[in-house]
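Printed here is final-v8.txt (compact mmCIF, C-alpha atoms and all ligand atoms):
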```
# COMPACT_ATOMS: atom_id res chain seq x y z
CA MET A 1 0.00 0.00 0.00
CA ASP A 2 1.23 3.51 -0.84
CA LYS A 3 1.79 5.07 2.61
CA SER A 4 1.37 8.60 1.28
CA ARG A 5 -2.05 8.02 -0.34
CA TYR A 6 -5.23 7.62 1.72
CA ASP A 7 -8.91 7.73 0.95
CA VAL A 8 -9.43 10.17 3.81
CA ILE A 9 -7.03 12.21 5.93
CA ILE A 10 -8.41 13.53 9.20
CA ILE A 11 -6.54 16.33 10.93
CA GLY A 12 -7.04 16.10 14.69
CA ALA A 13 -7.64 13.11 16.98
CA GLY A 14 -10.39 14.50 19.19
CA PRO A 15 -13.75 12.74 19.49
CA GLY A 16 -14.99 14.11 16.14
CA GLY A 17 -11.90 13.06 14.20
CA LEU A 18 -11.63 9.62 15.78
CA THR A 19 -15.31 8.84 15.27
CA CYS A 20 -15.05 9.87 11.64
CA ALA A 21 -11.98 7.60 11.25
CA MET A 22 -13.78 4.65 12.81
CA TYR A 23 -16.77 4.99 10.45
CA ILE A 24 -14.52 5.48 7.40
CA ALA A 25 -12.40 2.44 8.26
CA ARG A 26 -15.47 0.34 8.93
CA ALA A 27 -16.70 1.20 5.43
CA GLY A 28 -13.57 -0.48 4.05
CA LEU A 29 -11.79 2.79 3.19
CA THR A 30 -8.36 3.95 4.36
CA PRO A 31 -8.37 6.79 6.90
CA LEU A 32 -5.26 8.39 8.37
CA VAL A 33 -5.66 10.53 11.49
CA LEU A 34 -2.88 13.08 12.01
CA GLU A 35 -2.46 14.55 15.48
CA ARG A 36 0.26 16.85 16.74
CA GLY A 37 -0.46 16.35 20.46
CA GLY A 38 -1.90 13.44 22.40
CA PRO A 39 -5.00 11.78 20.90
CA GLY A 40 -8.13 12.98 22.69
CA GLY A 41 -8.04 16.73 22.12
CA GLN A 42 -9.77 18.79 24.80
CA MET A 43 -10.99 15.60 26.51
CA LEU A 44 -7.46 15.23 27.88
CA ALA A 45 -8.03 18.37 29.95
CA THR A 46 -11.30 17.02 31.32
CA GLU A 47 -11.15 14.97 34.46
CA LEU A 48 -14.60 13.41 34.50
CA ILE A 49 -17.10 13.35 31.66
CA GLU A 50 -20.51 12.98 33.23
CA ASN A 51 -22.72 13.48 30.20
CA TYR A 52 -21.38 11.13 27.57
CA PRO A 53 -24.23 8.70 26.89
CA GLY A 54 -23.67 5.11 27.90
CA PHE A 55 -21.40 5.91 30.85
CA PRO A 56 -23.80 6.38 33.78
CA ASP A 57 -20.89 6.02 36.22
CA ASN A 58 -18.84 8.69 34.37
CA VAL A 59 -15.68 8.22 32.37
CA THR A 60 -12.40 10.15 32.54
CA GLY A 61 -11.36 12.18 29.50
CA THR A 62 -8.19 10.10 29.14
CA GLU A 63 -10.08 6.82 29.32
CA LEU A 64 -12.62 7.88 26.69
CA ALA A 65 -9.82 9.14 24.43
CA GLU A 66 -8.04 5.76 24.67
CA LYS A 67 -11.28 3.93 23.91
CA LEU A 68 -11.97 6.07 20.84
CA VAL A 69 -8.44 5.46 19.49
CA GLU A 70 -8.77 1.73 20.16
CA HIS A 71 -12.15 1.62 18.42
CA ALA A 72 -10.89 3.45 15.32
CA LYS A 73 -7.77 1.24 15.12
CA ARG A 74 -9.79 -1.92 15.59
CA TRP A 75 -11.36 -1.27 12.16
CA GLY A 76 -8.03 -0.43 10.58
CA ALA A 77 -7.72 3.35 10.96
CA GLU A 78 -4.18 4.64 11.16
CA VAL A 79 -3.47 7.21 13.87
CA ALA A 80 -0.10 8.93 13.56
CA TYR A 81 1.82 11.97 14.71
CA GLY A 82 1.63 14.81 12.21
CA ASP A 83 1.60 18.60 12.41
CA VAL A 84 -0.24 19.75 9.29
CA LYS A 85 1.04 23.03 7.89
CA GLU A 86 -1.21 23.41 4.85
CA PHE A 87 -3.33 21.66 2.27
CA CYS A 88 -4.58 22.31 -1.25
CA ALA A 89 -8.04 22.30 -2.81
CA ARG A 90 -9.19 19.28 -4.81
CA GLY A 91 -7.20 19.05 -8.05
CA GLU A 92 -8.23 17.75 -11.47
CA ASP A 93 -7.25 14.21 -10.42
CA ASN A 94 -9.65 14.56 -7.43
CA ALA A 95 -6.68 14.48 -5.05
CA ILE A 96 -6.19 16.84 -2.11
CA CYS A 97 -2.59 17.26 -0.95
CA VAL A 98 -1.58 17.69 2.68
CA GLN A 99 1.79 18.91 3.86
CA THR A 100 3.19 18.39 7.36
CA ALA A 101 5.77 20.42 9.25
CA ALA A 102 8.19 17.50 8.88
CA GLY A 103 8.01 17.89 5.09
CA GLU A 104 5.79 14.87 4.38
CA GLN A 105 3.56 15.16 1.30
CA LEU A 106 0.39 13.12 1.60
CA THR A 107 -2.63 12.85 -0.67
CA CYS A 108 -6.23 11.94 -0.04
CA ARG A 109 -9.60 12.06 -1.77
CA ALA A 110 -11.39 13.67 1.15
CA LEU A 111 -10.00 15.73 4.00
CA VAL A 112 -11.54 16.31 7.43
CA LEU A 113 -10.60 19.27 9.61
CA ALA A 114 -11.10 18.20 13.23
CA THR A 115 -8.60 20.42 15.00
CA GLY A 116 -10.94 21.82 17.64
CA ALA A 117 -10.57 25.08 19.51
CA ALA A 118 -8.56 26.51 22.39
CA PRO A 119 -9.27 29.01 25.20
CA ARG A 120 -9.09 32.63 24.14
CA LYS A 121 -6.28 34.75 25.55
CA VAL A 122 -7.12 38.43 25.74
CA GLY A 123 -3.76 39.85 26.67
CA PHE A 124 -4.79 41.41 29.99
CA LYS A 125 -1.75 42.96 31.62
CA GLY A 126 0.05 40.18 33.53
CA GLU A 127 -1.98 37.40 31.85
CA GLU A 128 0.89 35.88 29.88
CA GLU A 129 3.44 36.59 32.61
CA PHE A 130 1.59 34.60 35.28
CA ILE A 131 0.50 31.57 33.24
CA GLY A 132 1.27 28.56 35.44
CA ARG A 133 1.84 30.85 38.41
CA GLY A 134 -1.77 31.70 39.14
CA VAL A 135 -3.26 32.30 35.70
CA SER A 136 -5.10 29.28 34.30
CA TYR A 137 -7.62 28.40 31.60
CA CYS A 138 -8.63 25.03 33.01
CA ALA A 139 -10.20 24.60 36.44
CA LEU A 140 -10.36 20.85 35.98
CA CYS A 141 -6.61 20.74 35.39
CA ASP A 142 -5.42 23.30 37.95
CA GLY A 143 -8.28 23.71 40.42
CA ASN A 144 -6.69 21.47 43.02
CA PHE A 145 -3.75 23.86 43.42
CA TYR A 146 -6.22 26.31 44.95
CA ARG A 147 -7.75 24.10 47.61
CA GLY A 148 -8.92 26.34 50.46
CA ARG A 149 -7.68 29.48 48.70
CA ASP A 150 -9.25 32.52 47.01
CA VAL A 151 -9.70 32.58 43.26
CA CYS A 152 -11.31 34.72 40.57
CA VAL A 153 -13.03 33.57 37.41
CA VAL A 154 -13.32 35.95 34.46
CA GLY A 155 -16.27 35.67 32.04
CA GLY A 156 -20.01 35.19 32.12
CA GLY A 157 -20.58 32.31 29.68
CA ASP A 158 -21.28 28.63 30.36
CA SER A 159 -17.60 27.83 30.83
CA ALA A 160 -16.99 30.58 33.40
CA VAL A 161 -20.09 29.84 35.42
CA GLU A 162 -19.80 26.03 35.31
CA GLU A 163 -16.14 26.19 36.27
CA ALA A 164 -16.91 28.63 39.10
CA VAL A 165 -19.33 26.03 40.47
CA TYR A 166 -16.70 23.31 40.06
CA LEU A 167 -14.15 25.47 41.90
CA SER A 168 -16.61 26.23 44.69
CA ASN A 169 -16.11 22.66 45.94
CA ILE A 170 -12.37 23.19 46.17
CA ALA A 171 -11.48 26.83 46.76
CA LYS A 172 -12.45 28.98 49.75
CA SER A 173 -13.95 31.80 47.72
CA ILE A 174 -14.66 32.46 44.07
CA THR A 175 -15.23 35.93 42.66
CA VAL A 176 -16.73 35.92 39.18
CA ILE A 177 -15.67 39.04 37.31
CA HIS A 178 -17.99 39.86 34.44
CA ARG A 179 -18.01 42.88 32.15
CA ARG A 180 -21.82 43.15 32.13
CA GLU A 181 -24.50 42.74 34.79
CA GLN A 182 -26.12 39.78 33.10
CA LEU A 183 -24.63 36.35 32.62
CA ARG A 184 -24.61 34.71 29.23
CA ALA A 185 -24.56 31.21 30.76
CA LYS A 186 -27.54 28.83 30.71
CA LYS A 187 -30.05 29.33 33.51
CA VAL A 188 -29.32 25.98 35.10
CA ALA A 189 -25.65 26.92 35.46
CA GLN A 190 -26.54 30.40 36.75
CA ASP A 191 -28.89 28.94 39.36
CA ALA A 192 -26.22 26.53 40.54
CA ALA A 193 -23.69 29.36 40.91
CA MET A 194 -26.11 31.70 42.67
CA ALA A 195 -26.91 28.94 45.17
CA ARG A 196 -23.28 28.64 46.31
CA ASP A 197 -22.38 30.68 49.39
CA ASN A 198 -18.74 31.01 48.40
CA ILE A 199 -19.37 32.42 44.90
CA SER A 200 -19.77 36.19 44.57
CA PHE A 201 -20.05 38.39 41.49
CA ARG A 202 -18.35 41.61 40.42
CA TRP A 203 -20.63 43.04 37.75
CA ASN A 204 -19.71 45.59 35.08
CA SER A 205 -16.10 44.94 35.87
CA GLU A 206 -13.16 44.65 33.51
CA VAL A 207 -9.76 43.26 34.31
CA GLU A 208 -7.01 45.84 34.05
CA GLU A 209 -4.12 43.88 35.47
CA VAL A 210 -3.17 40.62 37.09
CA PHE A 211 -0.45 41.38 39.60
CA GLY A 212 1.90 39.62 41.97
CA THR A 213 5.56 38.97 42.58
CA GLN A 214 6.42 35.30 42.08
CA PHE A 215 2.79 34.17 42.00
CA VAL A 216 -0.52 35.94 41.43
CA GLU A 217 -1.52 38.05 44.41
CA GLY A 218 -4.54 39.79 43.01
CA VAL A 219 -6.34 41.38 40.14
CA ARG A 220 -7.06 45.04 39.46
CA VAL A 221 -10.49 45.72 38.00
CA LYS A 222 -12.34 48.77 36.77
CA ASN A 223 -16.08 49.26 36.99
CA ASN A 224 -17.07 50.25 33.46
CA LYS A 225 -20.17 52.13 34.70
CA THR A 226 -18.61 54.20 37.46
CA GLY A 227 -14.95 54.18 36.41
CA GLU A 228 -14.03 53.08 39.94
CA GLN A 229 -10.89 50.96 40.21
CA SER A 230 -10.37 48.30 42.86
CA GLU A 231 -8.17 45.35 43.70
CA ILE A 232 -9.38 41.85 44.45
CA PRO A 233 -6.76 39.84 46.35
CA CYS A 234 -6.60 36.25 45.07
CA ASP A 235 -4.20 33.35 44.62
CA GLY A 236 -5.42 32.28 41.22
CA ILE A 237 -7.41 33.58 38.28
CA PHE A 238 -9.21 31.47 35.70
CA PHE A 239 -10.01 33.05 32.34
CA TYR A 240 -13.07 31.85 30.42
CA VAL A 241 -13.62 34.56 27.86
CA GLY A 242 -14.41 32.40 24.87
CA ILE A 243 -12.70 30.00 22.57
CA VAL A 244 -10.70 30.31 19.37
CA PRO A 245 -10.85 27.69 16.63
CA ALA A 246 -7.53 26.11 15.58
CA THR A 247 -7.46 26.94 11.88
CA SER A 248 -4.08 28.56 11.23
CA TYR A 249 -3.12 25.73 8.83
CA ALA A 250 -6.30 26.16 6.73
CA PRO A 251 -5.86 28.27 3.57
CA ASP A 252 -8.11 31.27 2.88
CA PHE A 253 -10.26 29.39 0.36
CA ILE A 254 -11.89 27.62 3.33
CA GLU A 255 -14.68 30.00 4.37
CA ARG A 256 -14.94 31.05 8.03
CA ASP A 257 -17.70 32.82 9.95
CA GLU A 258 -17.26 36.19 11.63
CA LEU A 259 -15.55 34.56 14.64
CA GLY A 260 -13.17 32.51 12.51
CA PHE A 261 -14.97 29.16 12.85
CA ILE A 262 -15.11 27.03 9.70
CA LYS A 263 -18.43 27.13 7.87
CA THR A 264 -20.00 23.83 6.85
CA ASP A 265 -23.25 22.64 5.36
CA MET A 266 -25.49 19.94 6.89
CA LYS A 267 -23.12 17.27 5.56
CA MET A 268 -20.19 18.92 7.36
CA GLN A 269 -18.72 19.91 3.98
CA THR A 270 -16.80 23.18 3.91
CA SER A 271 -16.88 25.72 1.09
CA SER A 272 -14.31 23.55 -0.72
CA PRO A 273 -15.57 20.25 -2.22
CA GLY A 274 -14.18 17.13 -0.55
CA ILE A 275 -13.05 19.05 2.52
CA TYR A 276 -15.12 18.60 5.67
CA ALA A 277 -14.98 20.02 9.21
CA VAL A 278 -16.25 18.46 12.45
CA GLY A 279 -16.41 19.38 16.13
CA ASP A 280 -15.43 22.65 17.79
CA VAL A 281 -13.53 23.99 14.78
CA ARG A 282 -16.92 24.59 13.09
CA ARG A 283 -18.78 26.22 16.02
CA PRO A 284 -21.26 23.55 17.09
CA MET A 285 -24.06 24.68 19.35
CA GLY A 286 -23.03 22.55 22.31
CA ARG A 287 -19.24 21.98 22.25
CA GLN A 288 -19.78 18.57 23.75
CA VAL A 289 -18.01 15.27 23.18
CA ALA A 290 -21.39 13.92 22.09
CA THR A 291 -21.88 16.67 19.48
CA ALA A 292 -18.36 16.17 18.09
CA VAL A 293 -19.00 12.43 17.82
CA GLY A 294 -22.23 13.16 15.93
CA ASP A 295 -20.40 15.49 13.54
CA GLY A 296 -17.75 12.84 12.93
CA ALA A 297 -20.33 10.19 12.07
CA ASP A 298 -22.26 12.57 9.79
CA ALA A 299 -19.10 13.60 7.93
CA ALA A 300 -18.01 9.99 7.45
CA ILE A 301 -21.37 9.03 5.96
CA ALA A 302 -21.36 12.06 3.66
CA ILE A 303 -17.77 11.27 2.61
CA GLN A 304 -18.69 7.72 1.61
CA HIS A 305 -21.26 9.15 -0.84
CA TYR A 306 -18.82 11.79 -2.04
CA LEU A 307 -16.08 9.23 -2.77
CA LEU A 308 -18.39 7.24 -5.03
CA GLU A 309 -18.77 10.33 -7.15
CA TYR A 310 -15.10 11.37 -7.13
CA PRO A 311 -12.87 8.30 -7.40
CA TRP A 312 -9.10 8.51 -7.74
P1 LIG B 401 -18.76 32.35 25.55
O1 LIG B 401 -20.10 31.75 25.64
O2 LIG B 401 -18.34 33.02 24.28
O3 LIG B 401 -18.61 33.36 26.76
C1 LIG B 401 -17.47 34.16 26.89
C2 LIG B 401 -17.67 35.11 28.04
O4 LIG B 401 -16.50 35.90 28.17
C3 LIG B 401 -18.85 36.05 27.85
O5 LIG B 401 -19.55 36.20 29.05
C4 LIG B 401 -18.17 37.36 27.43
O6 LIG B 401 -18.84 38.51 27.90
C5 LIG B 401 -16.85 37.27 28.14
N1 LIG B 401 -15.78 37.99 27.41
C6 LIG B 401 -15.45 37.87 26.11
N2 LIG B 401 -14.41 38.68 25.83
C7 LIG B 401 -14.08 39.31 26.98
C8 LIG B 401 -13.11 40.27 27.33
N3 LIG B 401 -12.24 40.74 26.44
N4 LIG B 401 -13.08 40.69 28.61
C9 LIG B 401 -13.95 40.22 29.52
N5 LIG B 401 -14.90 39.32 29.25
C10 LIG B 401 -14.96 38.86 27.99
O7 LIG B 401 -17.58 31.27 25.81
P2 LIG B 401 -17.63 29.91 26.67
O8 LIG B 401 -18.26 30.12 27.98
O9 LIG B 401 -16.24 29.38 26.59
O10 LIG B 401 -18.55 28.97 25.82
C11 LIG B 401 -18.28 28.75 24.42
C12 LIG B 401 -19.39 27.86 23.85
O11 LIG B 401 -19.37 26.57 24.48
C13 LIG B 401 -20.78 28.41 24.09
O12 LIG B 401 -21.57 28.10 22.98
C14 LIG B 401 -21.27 27.65 25.30
O13 LIG B 401 -22.68 27.54 25.37
C15 LIG B 401 -20.62 26.27 25.09
N6 LIG B 401 -20.42 25.56 26.37
C16 LIG B 401 -21.40 24.70 26.75
C17 LIG B 401 -21.28 24.04 27.94
C18 LIG B 401 -22.38 23.11 28.33
O14 LIG B 401 -23.34 22.99 27.57
N7 LIG B 401 -22.32 22.46 29.46
C19 LIG B 401 -20.17 24.25 28.77
C20 LIG B 401 -19.19 25.14 28.35
C21 LIG B 401 -19.33 25.81 27.15
P3 LIG B 401 -20.26 38.98 27.27
O15 LIG B 401 -21.28 38.04 27.84
O16 LIG B 401 -20.39 40.37 27.76
O17 LIG B 401 -20.09 38.88 25.79
```
I'd like the structure from this file rewritten - as structure tokens, please.
Amino acid sequence: MDKSRYDVIIIGAGPGGLTCAMYIARAGLTPLVLERGGPGGQMLATELIENYPGFPDNVTGTELAEKLVEHAKRWGAEVAYGDVKEFCARGEDNAICVQTAAGEQLTCRALVLATGAAPRKVGFKGEEEFIGRGVSYCALCDGNFYRGRDVCVVGGGDSAVEEAVYLSNIAKSITVIHRREQLRAKKVAQDAAMARDNISFRWNSEVEEVFGTQFVEGVRVKNNKTGEQSEIPCDGIFFYVGIVPATSYAPDFIERDELGFIKTDMKMQTSSPGIYAVGDVRRPMGRQVATAVGDGADAAIAIQHYLLEYPW
């Protein structure tokens, strides 16, 4: 078999990419999954997944990632290390070429972008400087460092509010700093946060600076209604101000929406024929493992039809 030629190349080994690979392999086609980190994507930063159907007793992110890799490989999918730098549009021979940072040239008939998204960094003063020394983007990963201590959470979306609730079982106090006086998060998450005695809110407040010496000692905020500045002493600060899709390797001919997420149709096909996108990179409504898995299955089924029409 030509090891540079695959029916389908999938970039990213998160739940969407791995599900797509499993379906493609099971259909007797040759999928290659390229991943530049550990297989599992954002699941690796999730301690317990409580809402993945079929696991009533929960499953860890790592465990589910391993199972998804095992399942895809069991049907013959190849999962390999690869940092994709760019790819081309479908050529006259129906082939799409993929180039990795290591200089490999691969070709496929259909390509799937499954590279997910990452927490947004705003560039608040001190944000970069104190990463790992009090600034974090993952309560599940770093929350335990703040057992019995005071922390702040920045943002008002589902992530900020859910993670504040998670932290309320670990930290002594949680101050949620939000730039408006209304949360964006779902009501169920808001209700849970409001019910916690150790969660308080700083409304209409914007972060001006994270400060400290060796570690974070506090955050300086400004009330955007009154202009009043104040300091909130804390040991850690968790930023949840949105997510950014990982698309730097995707050429401009792949259409994005106004936030940079890849646009797809109902079949998960992008603006370029034969190129599909699944999971968080295409702005799903839920950003759940279950929704990524659904995208992966949908794309794989659509690709099987597409490949009948566009053979090598
Ligand atoms: P999000 O919904 O985009 O919320 C980002 C929050 O950060 C907003 O409250 C926003 O304020 C604030 N923000 C943005 N830029 C800021 C800045 N420069 N300074 C201060 N605050 C800033 O992001 P998310 O919470 O990460 O969620 C992303 C998506 O995943 C959403 O669709 C969400 O529903 C979904 N999600 C779902 C679940 C779940 O279903 N369990 C869990 C987590 C996430 P404004 O409100 O003023 O814009």
* Radius query 6 Å about (-15.8, 28.5, 39.3), atoms used: all atoms listed in the file, as JSON, numbers by chain -> {"A": [161, 163, 164, 165, 166, 167, 168]}
Contact check, segment 221-292 of chain A to segment 129-134 of chain A, at most 9 Å, counting all atoms listed in the file, closest pairs as CSV:
```
residue,atom,partner,partner_atom,distance
A:Cys234,CA,A:Gly134,CA,8.9
A:Asp235,CA,A:Gly134,CA,6.2
A:Gly236,CA,A:Gly134,CA,4.2
A:Ile237,CA,A:Gly134,CA,6.0
A:Phe238,CA,A:Gly134,CA,8.2
```
* Nearby residues, ligand LIG 401 (chain B), 7 Å, only C-alpha atoms and all ligand atoms, as an MDAnalysis selection string -> chainID A and resid 122 154:160 162 178:180 183:185 206 240:243 285:288
* **For Val176 of chain A: contacts at 6 Å, all atoms listed in the file, fewer than 6 positions along chain excluded, given as a PyMOL selection string** => chain A and resi 152-154+201
* Compute the distance from (-8.1, 29.9, -1.6) to each atom, counting only C-alpha atoms, keep the residues with any atom at most 10 Å away, and return them as a PyMOL selection string; use the coordinates of the file. => chain A and resi 88-89+250-255+272
Deliver the residues from the most recent selection as a file, using C-alpha atoms, as a PDB file, keeping the file's coordinate frame.
```pdb
ATOM      1  CA  CYS A  88      -4.580  22.310  -1.250  1.00  0.00           C
ATOM      2  CA  ALA A  89      -8.040  22.300  -2.810  1.00  0.00           C
ATOM      3  CA  ALA A 250      -6.300  26.160   6.730  1.00  0.00           C
ATOM      4  CA  PRO A 251      -5.860  28.270   3.570  1.00  0.00           C
ATOM      5  CA  ASP A 252      -8.110  31.270   2.880  1.00  0.00           C
ATOM      6  CA  PHE A 253     -10.260  29.390   0.360  1.00  0.00           C
ATOM      7  CA  ILE A 254     -11.890  27.620   3.330  1.00  0.00           C
ATOM      8  CA  GLU A 255     -14.680  30.000   4.370  1.00  0.00           C
ATOM      9  CA  SER A 272     -14.310  23.550  -0.720  1.00  0.00           C
TER      10      SER A 272
END
```
Listing only residues of segment 103-211 of chain A within 10 Å of segment 295-302 of chain A, what is the closest atom pair and its distance in Å (to one decimal) for each, using all atoms listed in the file, sorted by chain and residue number ascending, as JSON lines?
```
{"residue": "A:Ala110", "atom": "CA", "partner": "A:Ala300", "partner_atom": "CA", "distance": 9.9}
{"residue": "A:Val112", "atom": "CA", "partner": "A:Ala299", "partner_atom": "CA", "distance": 8.0}
{"residue": "A:Ala114", "atom": "CA", "partner": "A:Gly296", "partner_atom": "CA", "distance": 8.5}
```
Residues near Arg283 of chain A, anyone? I mean within 8 Å using all atoms listed in the file, not counting same-chain ones fewer than 4 positions away, as an mmCIF file with C-alpha atoms, keeping the file's coordinate frame.
```
data_model
loop_
_atom_site.group_PDB
_atom_site.id
_atom_site.type_symbol
_atom_site.label_atom_id
_atom_site.label_comp_id
_atom_site.auth_asym_id
_atom_site.auth_seq_id
_atom_site.Cartn_x
_atom_site.Cartn_y
_atom_site.Cartn_z
ATOM 1 C CA PHE A 261 -14.970 29.160 12.850
ATOM 2 C CA ILE A 262 -15.110 27.030 9.700
ATOM 3 C CA GLY A 279 -16.410 19.380 16.130
ATOM 4 C CA ARG A 287 -19.240 21.980 22.250
#
```
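In this structure, atom CA of Thr115 of chain A sits 11.1 Å away from atom CA of Pro39 of chain A.
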* Structure fact -> One decimal place gives the atom CA of Ala101 of chain A-atom CA of Val278 of chain A separation as 22.3 Å
* **Interatomic distance (Å, one decimal) between atom CA of Asp257 of chain A and atom CA of Ile275 of chain A** =>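 Going from atom CA of Asp257 of chain A over to atom CA of Ile275 of chain A, I get 16.3 Å.
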* **7 Å contact set for Tyr276 of chain A, only C-alpha atoms, chain neighbours under 5 positions out, as a PyMOL selection string** => chain A and resi 111-113+268-270+299
